[in-house]
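Here is run_11.txt, consisting of compact mmCIF, C-alpha atoms:
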# COMPACT_ATOMS: atom_id res chain seq x y z
CA MET A 1 -29.50 -6.09 6.72
CA SER A 2 -29.98 -8.56 3.86
CA VAL A 3 -28.08 -8.63 0.58
CA THR A 4 -29.08 -9.33 -2.99
CA VAL A 5 -27.17 -11.96 -4.95
CA LYS A 6 -26.00 -10.67 -8.34
CA SER A 7 -25.06 -14.06 -9.79
CA VAL A 8 -24.31 -17.64 -8.79
CA ASP A 9 -21.46 -19.73 -10.17
CA GLU A 10 -22.48 -22.69 -12.30
CA GLY A 11 -22.35 -25.94 -10.32
CA SER A 12 -21.60 -24.14 -7.06
CA LEU A 13 -22.89 -24.97 -3.59
CA ALA A 14 -25.11 -21.89 -3.71
CA GLN A 15 -26.75 -23.16 -6.91
CA GLN A 16 -27.26 -26.59 -5.33
CA ALA A 17 -28.97 -24.90 -2.39
CA GLY A 18 -31.40 -23.20 -4.76
CA LEU A 19 -29.92 -19.71 -4.86
CA SER A 20 -29.95 -17.76 -8.11
CA ALA A 21 -29.49 -14.20 -9.35
CA GLY A 22 -31.90 -11.85 -7.61
CA CYS A 23 -32.25 -13.94 -4.46
CA VAL A 24 -31.90 -12.11 -1.14
CA LEU A 25 -29.51 -13.73 1.33
CA VAL A 26 -31.12 -13.21 4.74
CA SER A 27 -28.73 -15.06 7.08
CA ILE A 28 -26.16 -17.81 7.51
CA ASP A 29 -26.64 -19.90 10.67
CA GLY A 30 -28.95 -17.19 11.96
CA GLN A 31 -26.28 -14.48 11.54
CA GLN A 32 -27.19 -11.41 9.52
CA ILE A 33 -24.87 -10.69 6.58
CA ASN A 34 -23.81 -7.05 6.42
CA ASP A 35 -20.70 -7.24 4.25
CA MET A 36 -18.08 -9.53 2.73
CA LEU A 37 -16.36 -10.23 6.06
CA ASP A 38 -19.62 -11.54 7.54
CA TYR A 39 -20.25 -13.61 4.41
CA GLU A 40 -16.77 -15.18 4.35
CA PHE A 41 -16.64 -15.79 8.12
CA TYR A 42 -20.06 -17.38 8.60
CA SER A 43 -19.90 -19.44 5.40
CA ALA A 44 -16.53 -21.00 6.28
CA LYS A 45 -17.81 -23.84 8.50
CA PRO A 46 -18.30 -27.38 7.12
CA GLN A 47 -22.04 -27.30 7.86
CA ILE A 48 -24.13 -24.16 7.42
CA THR A 49 -27.79 -23.24 7.13
CA LEU A 50 -28.81 -20.58 4.63
CA ARG A 51 -31.99 -18.53 4.76
CA PHE A 52 -32.92 -16.61 1.63
CA LEU A 53 -35.80 -15.06 -0.26
CA LYS A 54 -36.55 -16.39 -3.73
CA ASP A 55 -39.42 -14.94 -5.72
CA GLY A 56 -40.69 -13.37 -2.50
CA ALA A 57 -40.84 -16.65 -0.59
CA GLU A 58 -38.46 -17.46 2.27
CA GLN A 59 -36.48 -20.68 1.88
CA GLU A 60 -33.92 -22.54 3.97
CA ALA A 61 -31.14 -24.92 2.96
CA THR A 62 -28.52 -26.78 4.99
CA LEU A 63 -25.20 -27.54 3.28
CA GLU A 64 -22.45 -30.05 4.07
CA LYS A 65 -19.15 -28.93 2.60
CA ASP A 66 -15.41 -28.67 3.08
CA GLU A 67 -14.24 -26.06 5.55
CA TYR A 68 -13.67 -22.70 3.79
CA GLN A 69 -15.16 -24.09 0.55
CA PRO A 70 -16.70 -21.07 -1.23
CA LEU A 71 -20.45 -20.93 -1.77
CA GLY A 72 -20.17 -19.32 -5.21
CA CYS A 73 -22.28 -16.17 -4.75
CA GLU A 74 -21.38 -12.90 -6.45
CA PHE A 75 -22.63 -9.50 -5.25
CA GLU A 76 -22.88 -5.99 -6.67
CA THR A 77 -19.61 -4.91 -4.99
CA TYR A 78 -16.71 -6.93 -3.60
CA LEU A 79 -17.42 -5.58 -0.10
CA ILE A 80 -21.21 -6.07 -0.50
CA ASP A 81 -21.49 -2.89 1.60
CA ARG A 82 -20.29 0.63 0.72
CA HIS A 83 -16.76 1.76 1.55
CA HIS A 84 -16.39 3.52 4.89
CA SER A 85 -15.02 7.01 4.27
CA CYS A 86 -12.56 8.85 6.49
CA LYS A 87 -14.00 11.20 9.12
CA ASN A 88 -10.67 12.80 10.06
CA LYS A 89 -9.26 16.16 8.99
CA CYS A 90 -5.56 15.37 9.24
CA ILE A 91 -3.16 18.28 8.87
CA PHE A 92 -0.99 16.10 6.59
CA CYS A 93 -3.71 14.51 4.44
CA PHE A 94 -2.39 14.03 0.89
CA VAL A 95 -5.89 14.02 -0.65
CA ASP A 96 -6.47 17.54 0.67
CA GLN A 97 -3.35 18.59 -1.26
CA LEU A 98 -4.55 17.38 -4.66
CA PRO A 99 -5.22 19.93 -7.39
CA LYS A 100 -8.76 20.36 -8.68
CA GLY A 101 -9.95 18.63 -11.82
CA LEU A 102 -8.67 15.09 -11.28
CA ARG A 103 -10.98 12.10 -11.63
CA GLN A 104 -13.41 11.90 -8.72
CA SER A 105 -12.19 8.57 -7.34
CA LEU A 106 -8.86 10.17 -6.34
CA TYR A 107 -10.60 12.45 -3.85
CA PHE A 108 -12.25 9.61 -1.89
CA LYS A 109 -10.64 9.02 1.52
CA ASP A 110 -11.18 5.48 2.78
CA ASP A 111 -10.87 4.43 6.40
CA ASP A 112 -12.30 0.93 6.28
CA GLU A 113 -11.16 -1.93 8.51
CA ARG A 114 -12.34 -4.44 5.91
CA LEU A 115 -9.96 -3.00 3.31
CA SER A 116 -7.17 -3.24 5.88
CA PHE A 117 -7.77 -6.97 6.20
CA LEU A 118 -8.48 -7.66 2.53
CA PHE A 119 -5.97 -5.35 0.81
CA GLY A 120 -3.58 -4.07 3.48
CA ASN A 121 -4.96 -0.52 3.63
CA TYR A 122 -4.15 1.55 6.71
CA ILE A 123 -6.96 2.65 9.06
CA THR A 124 -7.02 5.18 11.91
CA LEU A 125 -9.46 3.33 14.24
CA THR A 126 -11.51 6.56 14.60
CA ASN A 127 -14.14 5.14 12.25
CA LEU A 128 -14.90 1.95 14.20
CA SER A 129 -18.09 1.36 16.17
CA ARG A 130 -18.04 -0.85 19.25
CA HIS A 131 -19.79 -3.53 17.16
CA GLU A 132 -16.98 -3.45 14.59
CA ILE A 133 -14.28 -3.65 17.27
CA GLU A 134 -15.99 -6.67 18.82
CA ARG A 135 -16.32 -8.25 15.38
CA ILE A 136 -12.59 -7.88 14.73
CA LYS A 137 -11.92 -9.68 18.00
CA LYS A 138 -14.58 -12.36 17.42
CA MET A 139 -13.51 -13.11 13.85
CA HIS A 140 -9.85 -12.63 14.77
CA ILE A 141 -9.30 -10.37 11.78
CA SER A 142 -5.54 -10.13 11.70
CA PRO A 143 -3.21 -8.49 10.90
CA ILE A 144 -4.62 -4.96 10.84
CA ASN A 145 -2.64 -2.00 9.53
CA ILE A 146 -3.09 1.10 11.68
CA SER A 147 -2.17 4.72 11.03
CA VAL A 148 -1.11 5.76 14.52
CA HIS A 149 1.01 8.89 13.95
CA THR A 150 1.26 9.54 17.70
CA VAL A 151 0.01 7.92 20.91
CA ASP A 152 -0.23 11.28 22.70
CA PRO A 153 -4.03 11.76 22.99
CA ALA A 154 -4.13 15.55 22.77
CA LEU A 155 -1.57 15.71 19.96
CA ARG A 156 -3.37 13.04 17.92
CA VAL A 157 -6.70 14.87 18.27
CA ALA A 158 -5.01 18.08 17.09
CA MET A 159 -3.21 16.40 14.17
CA MET A 160 -6.23 14.46 12.97
CA GLY A 161 -9.00 16.96 13.68
CA ASN A 162 -11.16 14.31 15.33
CA ARG A 163 -12.15 14.39 19.01
CA PHE A 164 -12.20 10.57 19.12
CA ALA A 165 -8.63 10.21 17.82
CA GLY A 166 -7.05 10.26 21.27
CA LYS A 167 -8.22 6.74 22.12
CA VAL A 168 -5.81 5.03 19.75
CA LEU A 169 -3.47 3.48 22.33
CA GLU A 170 -6.43 2.25 24.36
CA LEU A 171 -7.89 0.52 21.27
CA ILE A 172 -4.54 -0.91 20.15
CA THR A 173 -4.01 -2.34 23.63
CA GLU A 174 -7.49 -3.89 23.58
CA LEU A 175 -6.82 -5.50 20.20
CA ALA A 176 -3.41 -6.72 21.38
CA GLU A 177 -5.00 -8.38 24.41
CA ALA A 178 -7.40 -10.16 22.03
CA GLY A 179 -4.46 -11.57 20.06
CA ILE A 180 -4.85 -9.33 17.01
CA GLU A 181 -1.58 -8.64 15.19
CA MET A 182 -0.96 -5.09 14.01
CA ASN A 183 1.38 -3.15 11.76
CA CYS A 184 1.64 0.50 12.77
CA GLN A 185 2.44 3.54 10.65
CA LEU A 186 3.64 6.94 11.82
CA VAL A 187 3.44 9.82 9.32
CA LEU A 188 5.90 12.28 10.83
CA CYS A 189 5.48 16.03 10.58
CA ARG A 190 8.62 17.96 11.41
CA ASP A 191 8.65 19.51 14.91
CA ILE A 192 5.14 18.18 15.58
CA ASN A 193 5.09 14.42 16.22
CA ASP A 194 8.79 13.61 15.93
CA GLY A 195 11.39 14.16 18.68
CA ALA A 196 9.94 13.52 22.16
CA ALA A 197 6.51 12.63 20.72
CA LEU A 198 8.09 10.00 18.46
CA GLU A 199 9.99 8.52 21.40
CA GLN A 200 6.74 8.32 23.39
CA SER A 201 5.06 6.50 20.49
CA LEU A 202 7.92 4.04 20.07
CA GLN A 203 8.02 3.27 23.79
CA ALA A 204 4.29 2.57 23.96
CA LEU A 205 4.04 0.55 20.75
CA THR A 206 7.16 -1.60 21.21
CA ALA A 207 5.82 -2.51 24.69
CA LEU A 208 2.91 -4.24 22.89
CA TYR A 209 5.17 -6.59 20.91
CA PRO A 210 4.49 -9.24 19.57
CA ALA A 211 0.92 -8.08 18.89
CA VAL A 212 2.43 -4.94 17.37
CA GLN A 213 4.68 -6.76 14.93
CA SER A 214 6.05 -3.76 13.05
CA ILE A 215 6.26 0.03 13.35
CA ALA A 216 7.26 2.20 10.39
CA ALA A 217 7.71 5.95 10.08
CA VAL A 218 7.38 7.89 6.82
CA PRO A 219 7.98 11.62 6.28
CA ILE A 220 5.16 13.98 5.41
CA GLY A 221 4.52 14.48 1.71
CA ILE A 222 3.83 18.08 0.72
CA THR A 223 2.50 19.24 -2.65
CA SER A 224 2.24 22.77 -4.05
CA PHE A 225 -1.50 22.80 -3.36
CA ARG A 226 -1.67 23.59 0.37
CA GLU A 227 -3.58 26.87 0.23
CA GLY A 228 -5.59 27.27 3.41
CA LEU A 229 -4.01 24.23 5.08
CA ALA A 230 -1.81 24.06 8.17
CA PRO A 231 1.79 25.16 7.55
CA LEU A 232 4.21 22.23 7.50
CA THR A 233 7.98 22.06 7.08
CA ILE A 234 9.72 19.39 5.02
CA TYR A 235 12.57 17.37 6.50
CA ASP A 236 16.18 18.17 5.66
CA LYS A 237 19.37 16.14 5.96
CA THR A 238 19.89 16.84 9.67
CA SER A 239 16.30 16.34 10.84
CA ALA A 240 15.93 13.14 8.78
CA ALA A 241 19.12 11.78 10.33
CA GLU A 242 17.70 12.42 13.80
CA VAL A 243 14.64 10.31 12.97
CA ILE A 244 16.80 7.49 11.61
CA ASP A 245 19.03 7.49 14.70
CA MET A 246 16.11 7.23 17.11
CA MET A 247 14.30 4.53 15.14
CA GLU A 248 17.41 2.46 14.54
CA ALA A 249 18.21 2.63 18.27
CA TYR A 250 14.77 1.25 19.12
CA GLY A 251 15.08 -1.35 16.37
CA ASP A 252 18.48 -2.45 17.68
CA ARG A 253 17.01 -2.81 21.16
CA MET A 254 14.10 -4.93 19.90
CA MET A 255 16.53 -7.05 17.88
CA GLU A 256 18.59 -7.74 21.00
CA GLN A 257 15.55 -8.55 23.13
CA HIS A 258 13.32 -10.41 20.67
CA GLY A 259 15.31 -11.26 17.56
CA GLU A 260 13.05 -9.00 15.44
CA ARG A 261 13.78 -5.40 14.53
CA VAL A 262 10.09 -4.29 14.66
CA VAL A 263 10.95 -0.57 14.19
CA TYR A 264 11.76 0.61 10.66
CA PRO A 265 12.48 3.99 9.04
CA ALA A 266 11.09 4.21 5.50
CA ASP A 267 13.58 4.35 2.63
CA GLU A 268 12.85 8.03 2.09
CA TRP A 269 14.57 9.00 5.36
CA TYR A 270 17.87 7.54 4.12
CA LEU A 271 17.56 9.39 0.83
CA ILE A 272 16.87 12.72 2.55
CA ALA A 273 19.69 12.13 5.06
CA GLU A 274 22.02 11.00 2.25
CA ARG A 275 22.80 7.77 4.07
CA GLU A 276 23.41 4.33 2.65
CA MET A 277 20.40 2.01 2.63
CA PRO A 278 20.49 -0.86 5.15
CA GLN A 279 21.29 -4.37 3.96
CA GLU A 280 18.58 -6.95 3.27
CA GLU A 281 18.79 -8.65 6.69
CA PHE A 282 17.85 -5.33 8.35
CA TYR A 283 14.26 -5.67 7.11
CA CYS A 284 13.41 -9.07 8.65
CA GLY A 285 11.10 -10.21 5.84
CA TYR A 286 9.91 -6.79 4.60
CA LEU A 287 6.80 -6.50 6.79
CA GLN A 288 6.08 -2.93 5.63
CA LEU A 289 7.18 -3.06 2.01
CA ASP A 290 4.06 -1.26 0.73
CA ASN A 291 4.89 1.57 3.12
CA GLY A 292 8.20 2.16 1.36
CA VAL A 293 10.23 0.26 3.95
CA GLY A 294 12.94 -1.82 2.28
CA MET A 295 11.60 -1.32 -1.23
CA TRP A 296 14.93 0.14 -2.41
CA ARG A 297 16.96 -2.78 -1.03
CA LYS A 298 14.57 -5.48 -2.24
CA PHE A 299 14.47 -4.04 -5.75
CA HIS A 300 18.26 -3.80 -5.82
CA GLU A 301 18.72 -7.42 -4.71
CA GLU A 302 16.17 -8.73 -7.23
CA PHE A 303 17.89 -6.85 -10.05
CA MET A 304 21.38 -8.04 -9.14
CA GLU A 305 20.20 -11.64 -8.74
CA GLU A 306 18.78 -11.54 -12.27
CA LEU A 307 21.94 -9.87 -13.56
CA ASP A 308 24.02 -12.74 -12.18
CA LYS A 309 22.23 -15.10 -14.58
CA HIS A 310 23.42 -15.69 -18.13
CA HIS A 311 21.10 -14.25 -20.79
CA ARG A 312 21.24 -14.43 -24.56
CA ILE A 313 20.11 -11.14 -26.01
CA HIS A 314 19.41 -9.87 -29.51
CA LEU A 315 21.45 -6.88 -30.63
CA PRO A 316 21.21 -3.99 -30.97
CA CYS A 317 19.43 -3.59 -27.63
CA ARG A 318 18.47 -0.11 -26.57
CA ALA A 319 15.86 1.26 -24.20
CA ASP A 320 14.84 4.34 -22.27
CA ALA A 321 13.67 4.13 -18.66
CA VAL A 322 11.88 6.75 -16.58
CA THR A 323 11.90 7.15 -12.81
CA GLY A 324 11.12 9.68 -10.13
CA VAL A 325 13.72 11.83 -8.41
CA SER A 326 13.97 9.69 -5.26
CA ALA A 327 14.52 6.41 -7.16
CA TYR A 328 16.85 7.88 -9.81
CA PRO A 329 20.12 7.07 -7.98
CA LEU A 330 19.05 3.45 -7.65
CA ILE A 331 17.74 2.94 -11.18
CA SER A 332 20.67 4.71 -12.82
CA SER A 333 23.20 2.66 -10.80
CA LEU A 334 21.42 -0.57 -11.78
CA ALA A 335 21.44 0.45 -15.44
CA GLN A 336 25.17 1.15 -15.23
CA ALA A 337 25.82 -2.26 -13.67
CA LEU A 338 23.88 -3.97 -16.46
CA GLN A 339 25.68 -2.07 -19.22
CA LYS A 340 29.03 -2.92 -17.67
CA LYS A 341 28.23 -6.62 -18.03
CA TYR A 342 26.45 -6.34 -21.41
CA ARG A 343 28.54 -3.73 -23.17
CA PHE A 344 26.43 -3.62 -26.33
CA VAL A 345 23.25 -2.79 -24.40
CA LYS A 346 22.45 0.92 -24.13
CA ILE A 347 20.04 2.20 -21.48
CA LYS A 348 19.18 5.85 -20.88
CA VAL A 349 17.52 6.59 -17.52
CA HIS A 350 15.46 9.78 -17.38
CA ARG A 351 15.06 11.57 -14.04
CA ILE A 352 11.53 12.99 -14.03
CA GLU A 353 10.66 15.87 -11.69
CA ASN A 354 7.10 15.96 -10.39
CA ARG A 355 6.01 19.37 -11.63
CA PHE A 356 2.35 18.36 -11.50
CA PHE A 357 2.24 18.05 -7.69
CA GLY A 358 5.35 20.07 -6.86
CA GLY A 359 6.46 20.41 -3.26
CA ASN A 360 8.65 17.55 -2.04
CA VAL A 361 6.80 14.87 -4.02
CA SER A 362 9.52 12.76 -5.60
CA VAL A 363 8.26 9.16 -5.62
CA THR A 364 7.90 7.41 -8.97
CA GLY A 365 4.34 6.25 -8.31
CA LEU A 366 3.01 9.83 -8.39
CA LEU A 367 4.50 10.78 -11.76
CA THR A 368 2.02 11.90 -14.39
CA GLY A 369 1.95 11.19 -18.10
CA GLY A 370 2.21 14.90 -18.86
CA ASP A 371 5.37 15.36 -16.81
CA ILE A 372 7.06 12.35 -18.41
CA ILE A 373 6.13 13.46 -21.93
CA SER A 374 7.32 17.05 -21.47
CA GLN A 375 10.63 15.99 -19.92
CA CYS A 376 11.39 13.19 -22.39
CA GLU A 377 10.41 14.80 -25.70
CA GLY A 378 13.42 15.00 -27.98
CA LYS A 379 15.68 13.26 -25.47
CA LEU A 380 14.94 9.58 -26.06
CA LEU A 381 17.64 7.13 -27.03
CA SER A 382 15.31 4.52 -28.50
CA LYS A 383 11.76 3.66 -29.54
CA ARG A 384 11.25 1.43 -26.47
CA LEU A 385 10.35 3.03 -23.15
CA LEU A 386 10.32 1.19 -19.82
CA LEU A 387 7.56 2.64 -17.66
CA PRO A 388 7.12 1.75 -13.96
CA GLY A 389 3.71 0.15 -13.47
CA THR A 390 3.22 2.14 -10.26
CA THR A 391 2.62 5.27 -12.36
CA LEU A 392 -0.59 3.76 -13.74
CA ARG A 393 -3.90 2.99 -12.07
CA SER A 394 -4.72 -0.66 -11.31
CA GLU A 395 -6.10 -1.26 -14.82
CA GLN A 396 -2.65 -0.25 -16.13
CA ASP A 397 -4.14 2.10 -18.74
CA MET A 398 -4.11 5.62 -17.30
CA PHE A 399 -1.90 8.03 -15.35
CA LEU A 400 -3.00 10.25 -12.44
CA ASP A 401 -3.53 13.19 -14.81
CA ASP A 402 -5.86 11.03 -16.97
CA THR A 403 -3.32 10.70 -19.77
CA THR A 404 -4.02 7.29 -21.28
CA LEU A 405 -1.26 4.85 -22.10
CA ASP A 406 -2.19 5.04 -25.80
CA GLU A 407 -1.95 8.85 -25.76
CA PHE A 408 1.36 8.63 -23.95
CA SER A 409 2.80 6.14 -26.43
CA ARG A 410 1.71 8.21 -29.45
CA ALA A 411 3.02 11.47 -27.97
CA LEU A 412 6.53 10.07 -27.55
CA GLY A 413 6.45 7.73 -30.54
CA VAL A 414 7.48 4.73 -28.47
CA THR A 415 6.46 1.21 -27.61
CA VAL A 416 5.80 1.17 -23.88
CA LYS A 417 6.87 -1.75 -21.72
CA VAL A 418 5.21 -1.60 -18.30
CA VAL A 419 7.65 -2.65 -15.58
CA PRO A 420 6.25 -4.59 -12.61
CA GLN A 421 7.49 -3.61 -9.15
CA ASP A 422 10.23 -6.21 -9.32
CA GLY A 423 13.94 -5.65 -9.88
CA GLY A 424 14.36 -8.86 -11.82
CA ALA A 425 11.63 -7.82 -14.25
CA LEU A 426 13.40 -4.50 -14.88
CA ALA A 427 16.69 -6.28 -15.60
CA ARG A 428 15.00 -8.58 -18.13
CA LEU A 429 13.21 -5.71 -19.85
CA MET A 430 16.44 -3.73 -20.10
CA LEU A 431 17.87 -6.75 -21.93
CA GLY A 432 14.93 -6.84 -24.33
CA LEU A 433 13.46 -9.96 -22.71
CA GLU A 434 10.00 -10.60 -21.31
CA PRO A 435 9.59 -9.57 -17.64
structure tokens encoding of this file:
Amino acid sequence: MSVTVKSVDEGSLAQQAGLSAGCVLVSIDGQQINDMLDYEFYSAKPQITLRFLKDGAEQEATLEKDEYQPLGCEFETYLIDRHHSCKNKCIFCFVDQLPKGLRQSLYFKDDDERLSFLFGNYITLTNLSRHEIERIKKMHISPINISVHTVDPALRVAMMGNRFAGKVLELITELAEAGIEMNCQLVLCRDINDGAALEQSLQALTALYPAVQSIAAVPIGITSFREGLAPLTIYDKTSAAEVIDMMEAYGDRMMEQHGERVVYPADEWYLIAEREMPQEEFYCGYLQLDNGVGMWRKFHEEFMEELDKHHRIHLPCRADAVTGVSAYPLISSLAQALQKKYRFVKIKVHRIENRFFGGNVSVTGLLTGGDIISQCEGKLLSKRLLLPGTTLRSEQDMFLDDTTLDEFSRALGVTVKVVPQDGGALARLMLGLEP
């Protein structure tokens, strides 16, 4: 495979070598370039030889440069190649539970090892060819985030609807022996891969420490759109507590043996079980923060640290804040703590139910503009609304239901302040300061 260069940075090494827009990059040091990982890996050395086609003629250029110094080529997509889509049919897949009529990009299921390395996405390993496995080992692509769910071969095949899914422990062991670090995720379905199956998974994965550097479990998310899908039962207080007890026991054991907890229940388990969140030291550096592990505690500590500082504020200072059901106890308690210190500041926190997705979906990041508007109309304290940035797509301009930020602001008659995923930023915005 060869790739076409979209543009070349002015004054870059690529320009010095004679590359320009429209050139076809054939190889680097004789190695074919298939995607961004190939490009970054083979161009990293201090001396490289490029072969490329320019105006139909093949040319070659040898460059002397600093190690890891970028060449300066831009391509049509950041991966160069297309995304690898998921080939599984998991019984718990959230995409399969989306209502019809959303923007098309929301229905794409990725399962791409390159996105795991570049952006921290989780992959199942069912999509990897032998060439790609060998490349991970050769390039030492690490860490990799893996959706394991269970190490029981037959159960994993049944849960994921893929006859190749049962090889996961074999592949994880192979990667561990090659020195690849991994973070593992278990999406637990009640009475399916918890209980004895969960214990089997924890035994096998903790045995591969330190290559397996963290293991997190999250509960299944169920929407109201499961027609024709496998029946699943949500966790309750008792069953969530059982998961916590088993995972904390394994984490305690790893802490005693290795000084690292390794095994972590996601925050949602503590909310369902109505248990107090662990303290900051429990999370050992927040290795699985994006998986909802320690997010509650980290946000709390950031907020309180900012609240301990002295701030001069302009009065009157009022604001409304919105949050999902699961985060409401945290956000409302933080708002109360702030108002206790700054008695002339008034904050109203609105608990927004996810009527769009229904089911047990309660996280803030899946709130829609329509739900927030309908549940806040006529109930706002102020003309300034603090909106969690996780409710918006990456461009920070649109909700999941395609409500734009401008439409949202006009509908409620407010100025919207987008809150980064940082407790200190929320504290500052509540005080009318910049985040």
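Our summary of the geometry notes that atom CA of A:Tyr264 is positioned 19.4 Å from atom CA of A:Thr124.
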Between A:Glu248, A:Glu76, A:Asp401, A:Gln279, smallest distance to A:Lys100 by all atoms listed in the file belongs to A:Asp401
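Distance annotation: of A:Gln336, A:Gln203, A:Asn88, A:Ser382, the residue with the minimal separation from A:Phe164 is A:Asn88; atom set is only C-alpha atoms.
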Counting only C-alpha atoms, the residue among A:Asn291, A:Cys73, A:Ala61, A:Leu102 that lies closest to A:Phe356 is A:Leu102
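Nearest to A:Leu400 of all the residues A:Ile313, A:Leu106, A:Ile244, A:Val325 is A:Leu106, counting only C-alpha atoms.
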Give the answer as one residue: which of A:Ala17, A:Val26, A:Ala266, A:Val322 has the shortest atom-to-atom distance to A:Gly72, using only C-alpha atoms? A:Ala17
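Distances from A:Cys284, A:Ala14, A:Ile28, A:Leu19 to A:Gly259 were compared using all atoms listed in the file, and the smallest one belongs to A:Cys284.
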Contact residues around A:Pro70 with all atoms listed in the file at 9 Å, ignoring same-chain residues under 4 positions, as an NGL selection string: :A and (12-14 or 40 or 43-44 or 66)
Each stretch 301-386 of chain A residue no farther than 8 Å from stretch 412-422 of chain A, nearest pair in Å, all atoms listed in the file, as a Markdown table:
| residue | atom | partner | partner_atom | distance |
| --- | --- | --- | --- | --- |
| A:Glu302 | CA | A:Asp422 | CA | 6.8 |
| A:Phe303 | CA | A:Asp422 | CA | 7.7 |
| A:Ile373 | CA | A:Leu412 | CA | 6.6 |
| A:Cys376 | CA | A:Leu412 | CA | 7.7 |
| A:Glu377 | CA | A:Leu412 | CA | 6.4 |
| A:Ser382 | CA | A:Val414 | CA | 7.8 |
| A:Lys383 | CA | A:Val414 | CA | 4.5 |
| A:Arg384 | CA | A:Thr415 | CA | 4.9 |
| A:Leu385 | CA | A:Val416 | CA | 5.0 |
| A:Leu386 | CA | A:Lys417 | CA | 4.9 |
Test item: residues at most 12 Å from A:Gly161, all atoms listed in the file, excluding those fewer than 6 positions along its chain, as a PDB file with C-alpha atoms, in the frame of the given file:
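For reference, out.pdb as written:
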ATOM      1  CA  CYS A  86     -12.560   8.850   6.490  1.00  0.00           C
ATOM      2  CA  LYS A  87     -14.000  11.200   9.120  1.00  0.00           C
ATOM      3  CA  ASN A  88     -10.670  12.800  10.060  1.00  0.00           C
ATOM      4  CA  LYS A  89      -9.260  16.160   8.990  1.00  0.00           C
ATOM      5  CA  CYS A  90      -5.560  15.370   9.240  1.00  0.00           C
ATOM      6  CA  ILE A  91      -3.160  18.280   8.870  1.00  0.00           C
ATOM      7  CA  PHE A  92      -0.990  16.100   6.590  1.00  0.00           C
ATOM      8  CA  CYS A  93      -3.710  14.510   4.440  1.00  0.00           C
ATOM      9  CA  THR A 126     -11.510   6.560  14.600  1.00  0.00           C
ATOM     10  CA  PRO A 153      -4.030  11.760  22.990  1.00  0.00           C
ATOM     11  CA  ALA A 154      -4.130  15.550  22.770  1.00  0.00           C
ATOM     12  CA  LEU A 155      -1.570  15.710  19.960  1.00  0.00           C
ATOM     13  CA  ALA A 230      -1.810  24.060   8.170  1.00  0.00           C
TER      14      ALA A 230
END
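Atom CA of A:Glu407 to atom CA of A:Ser374 spans 13.1 Å [interatomic distance, one decimal].
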